[in-house]
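Engineer: Before we start, here is the structure in question, set down as structure tokens.
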Amino acid sequence: MRVILEFTLRETPYVLMAGSGGALALWVQVPIGVVAPVALLLCLRVRARFLR
């Protein structure tokens, strides 16, 4: 089985995404190594397609 991952940008403004990532980092107080992937997931739409 093969998997195809598609990454596309969401339609929301980048300022909103950057602000939400920064607010998450300050509110939860987690290291940047955890916040960076979460902020990317907020900015990107990830789709997985499974092929046989």
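Naming scheme: A, B, ... for chains in displayed order of the structure tokens; residues 1 onward per chain; ligands 1 onward as shown.
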Need to verify the contact set: region 2-12 of chain A, 8 Å, only C-alpha atoms, exclusion of same-chain residues closer than 3 positions in sequence. Can you return it as a PyMOL selection string?
Structural biologist: chain A and resi 16-17+43-52
Engineer: Kindly give the distance, in Å, that separates CA of Pro37 (chain A) and CA of Met1 (chain A), rounded to a single decimal.
Structural biologist: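 CA of Met1 (chain A) lies at a distance of 26.2 Å from CA of Pro37 (chain A).
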Engineer: Could you tell me, as a PyMOL selection string, which residues of chain A DSSP assigns to helix (DSSP H, G or I) when given the backbone?
Structural biologist: chain A and resi 14-28+32-43
